[in-house]
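To start, the structure itself, in structure tokens.
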Amino acid sequence: MATEMDELIEQLKTTSVSLDNTTTTLLSEISSTKDPKLFDKHELADCFLRLTQCEDTNVRKEAAKCIAEITKSEVQRKKFTKRDIIAAFLECLRHVPAADGSMELPIQICRALGNICYLNDEARDLILELEGDAVLLRLLDIAEIEDAVNAPQFIKVRGGLLSNYLLGGEGLAKRAMELGIMQQLERIVDTGASNVEQHEDLLLNTLPLLSILTENVADLNFDSHLNIKLSRILAASTNPDLAEMCLELLHYQAESDEVKLLLAKDGLCETIYNLLEKYKTLASTSEARALMKLACELIVLILTGDESMHYLYTTPLLKNMVDWLDSTDIDLLTTGVLALGNFARTDSHCIYFVEQQTMNKLLQVLAKNNGVKDDVRLQHALLSALRNLVIPKPNKNAVIQAGLVQTILPMLEIHQPPVVFKLLGTLRMTVDGQEKLALELLKNKTLIEQLVHWSKSSDYAGVTGESLRLMAWLIKHAYLNKIAYALPRKGDAPAEQIADKIPLAQDYDRSSLNEFLSNEGTVEAMVNMLTAQHLVMQNEALIALCILSVVYLSQSGREAEQAQRLQDELIKCNVGAKLAELIAKSSDSMTKEIVENLENCINLLKTAEKLVAHLEQHNINELLKSIPILTEYCTL
């Protein structure tokens, strides 16, 4: 085959262009090759330059067709990257459509120039130098094509040429924007949207240009009219490739909250819902499933906007998403859960979902999907939604009674960080103000051991933080109401008198806290939390340590042994050093509340003799004086 091709090329080089069919026959035979690499060893550019300048249209057409085949090879793309060849092609394209209306020559030139431009910045730069970008963009203005037979092929190769050129990067894309490409593309999309079935090929070969511009021009916002047209094309199309293009473009645009609201009001989410319901049984291939996921993700994305979410809450989409909780399709089910989680961003919506038993449906889904082998994305979505639902105070008791805690505790065996993070956050929101539940969970050895483990060993900062915060919240919500009277406030008696203020026999059950402290590492976790990165966590640690101090450090009799153990544990964890580090690290940013809790904590620790000496070793009294907010109080 190689030898035969070599002979054809030699003949072409030695044949003068004639009026007979010799040249065109040779060119036709050369262009019919199936292996472009057969051309790599030859120097063909000068020979073909002569042919592209021939007056015979047929010769020029066959020459361009040959170049299109030859330049499928990377080697020949570079060899044909010559100013004269590109200029000759551009000159021809300036006169499209030709007087006779034929599109055969323009088609081959578009193919040839498109292949030369493929992954070839040098060729793109030459086109730019020759101001050829304006010539290429003018091709988009050709709407009426007399050559009906070749019209579809021209539309295809025009799109391919412009795509390969614009893929050259941001500079070329911005230059095209300056030349008015967006207005041209909007006109084409308008035409396509008027009859999607009739103009399917036009849209399939035009929308990729919008994608390229979106990727290369930062923050490219389409006109609202264009976004609406894309939404209408999606609704009308039965072509999965066209649907995918529309979805991807709308995804880009829907990053803007303004576009989210626009698409919500235009009914896009309901359109997608109806399409998915219609075609869900056909999503058997990986391509169809990917398209389905893309559509589902767009619904969720639009719901992340506040205004769009509030608007869609008043539409049938809300019921549609609740209905998907009964779906056996994992993607539709997950989308329904994610959608409801987004709707549950206001207290009124959350209360409505509990009243309407939507919360119970979510719990039922979670109960079926709370194992190690279940879908992680669905678990994450369910926990996110339930976390939102449990935030309003009126909902807490109802959600607890419905069995939320019993349903999610088995998920402690799951060690996927995103799921663990949501699991812990959901539990933390649930115990807020729920003393009985907090007392129960402090006794849950499996839970506390896992929290201590995650607080030390997780590579995921969010899991570490949530583990610490949940332990602190359990202590706070189980015991704060019981001992709040004993916490010193600003202006209270000096620290040495605090022990006298706290009764020795408080009439409350310490068994939950006893069991919590019997788990190795719990005190250490609270002490280490003092130097957490976030002020809110530092404050929570201080409150937890205040509660532990009130409950144990002033005790005698039966509780004296526990008090002694706590003192020893605090010293072993070097609580003085941690407090010193906290002051040094955060004193400038401390709020009044944190400073008061810090003073309370230190004063309460001083009720234990051993801890007085320990705190003195770390110069805590002097460090307190360095806190700016306290200095301001003194100055006042």
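Naming works like this for the structure tokens: A, B, ... for the chains as they're shown, residue 1 at the start of each chain, ligands 1 onward in shown order.
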- request: Compile the contact shell of Arg83 of chain A as a PyMOL selection string: residues with an atom at most 9 Å away, counting only C-alpha atoms, same-chain residues fewer than 5 positions apart removed.
  value: chain A and resi 88+123+126-127+130
Restricting the output to C-alpha atoms, write the selected residues as a PDB file, in the first residue's frame.
ATOM      1  CA  ALA A  88      -5.322  30.763  -0.159  1.00  0.00           C
ATOM      2  CA  ALA A 123      -1.840  27.621  12.385  1.00  0.00           C
ATOM      3  CA  LEU A 126      -1.433  32.561  11.232  1.00  0.00           C
ATOM      4  CA  ILE A 127      -5.204  32.817  10.771  1.00  0.00           C
ATOM      5  CA  LEU A 130      -4.230  37.259   8.378  1.00  0.00           C
TER       6      LEU A 130
END
- request: Find the residues around His380 of chain A up to 8 Å (only C-alpha atoms counted), leave out those fewer than 5 positions away in its own chain, and share them as a PyMOL selection string.
  value: chain A and resi 418-419+422
field: Pick from A:Met526, A:Leu263, A:Leu623, A:Met537, whichever lies nearest to Tyr311 of chain A using only C-alpha atoms
entry: A:Leu263
message: What's the separation between atom CA of Phe80 of chain A and atom CA of Ala45 of chain A, in Å to one decimal place?
response: 5.4 Å
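Every protein, DNA or RNA residue with an atom at most 12 Å from Lys436 of chain A, where only C-alpha atoms count and chain neighbours fewer than 6 positions away do not, is listed here: Asn397, Ile400, Thr430, Leu442, Lys443, Leu474, Ile475, Lys476, His477, Ala478, Tyr479, Asn481, Asp509 and Ser512 of chain A.
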File dump, residues just selected, C-alpha atoms, as a short mmCIF file (atom, residue, chain, number, x, y, z; two decimals), in the first residue's frame:
data_model
loop_
_atom_site.label_atom_id
_atom_site.label_comp_id
_atom_site.auth_asym_id
_atom_site.auth_seq_id
_atom_site.Cartn_x
_atom_site.Cartn_y
_atom_site.Cartn_z
CA ASN A 397 -39.09 16.21 69.71
CA ILE A 400 -36.59 12.16 67.93
CA THR A 430 -30.64 16.89 67.33
CA LEU A 442 -23.33 10.21 76.93
CA LYS A 443 -23.86 6.63 78.12
CA LEU A 474 -23.56 16.33 74.81
CA ILE A 475 -21.97 17.58 78.04
CA LYS A 476 -23.52 21.02 77.68
CA HIS A 477 -27.07 19.97 76.87
CA ALA A 478 -27.12 17.15 79.41
CA TYR A 479 -25.90 19.18 82.40
CA ASN A 481 -29.36 23.48 83.12
CA ASP A 509 -27.79 12.12 88.43
CA SER A 512 -24.22 9.72 82.35
#
query: Taking into account only C-alpha atoms, which residue in the set A:Thr607, A:Ser73, A:Gln379, A:Asn150 is nearest to Pro106 of chain A?
result: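 Checking each of A:Thr607, A:Ser73, A:Gln379, A:Asn150 against Pro106 of chain A, counting only C-alpha atoms, the winner is A:Asn150.
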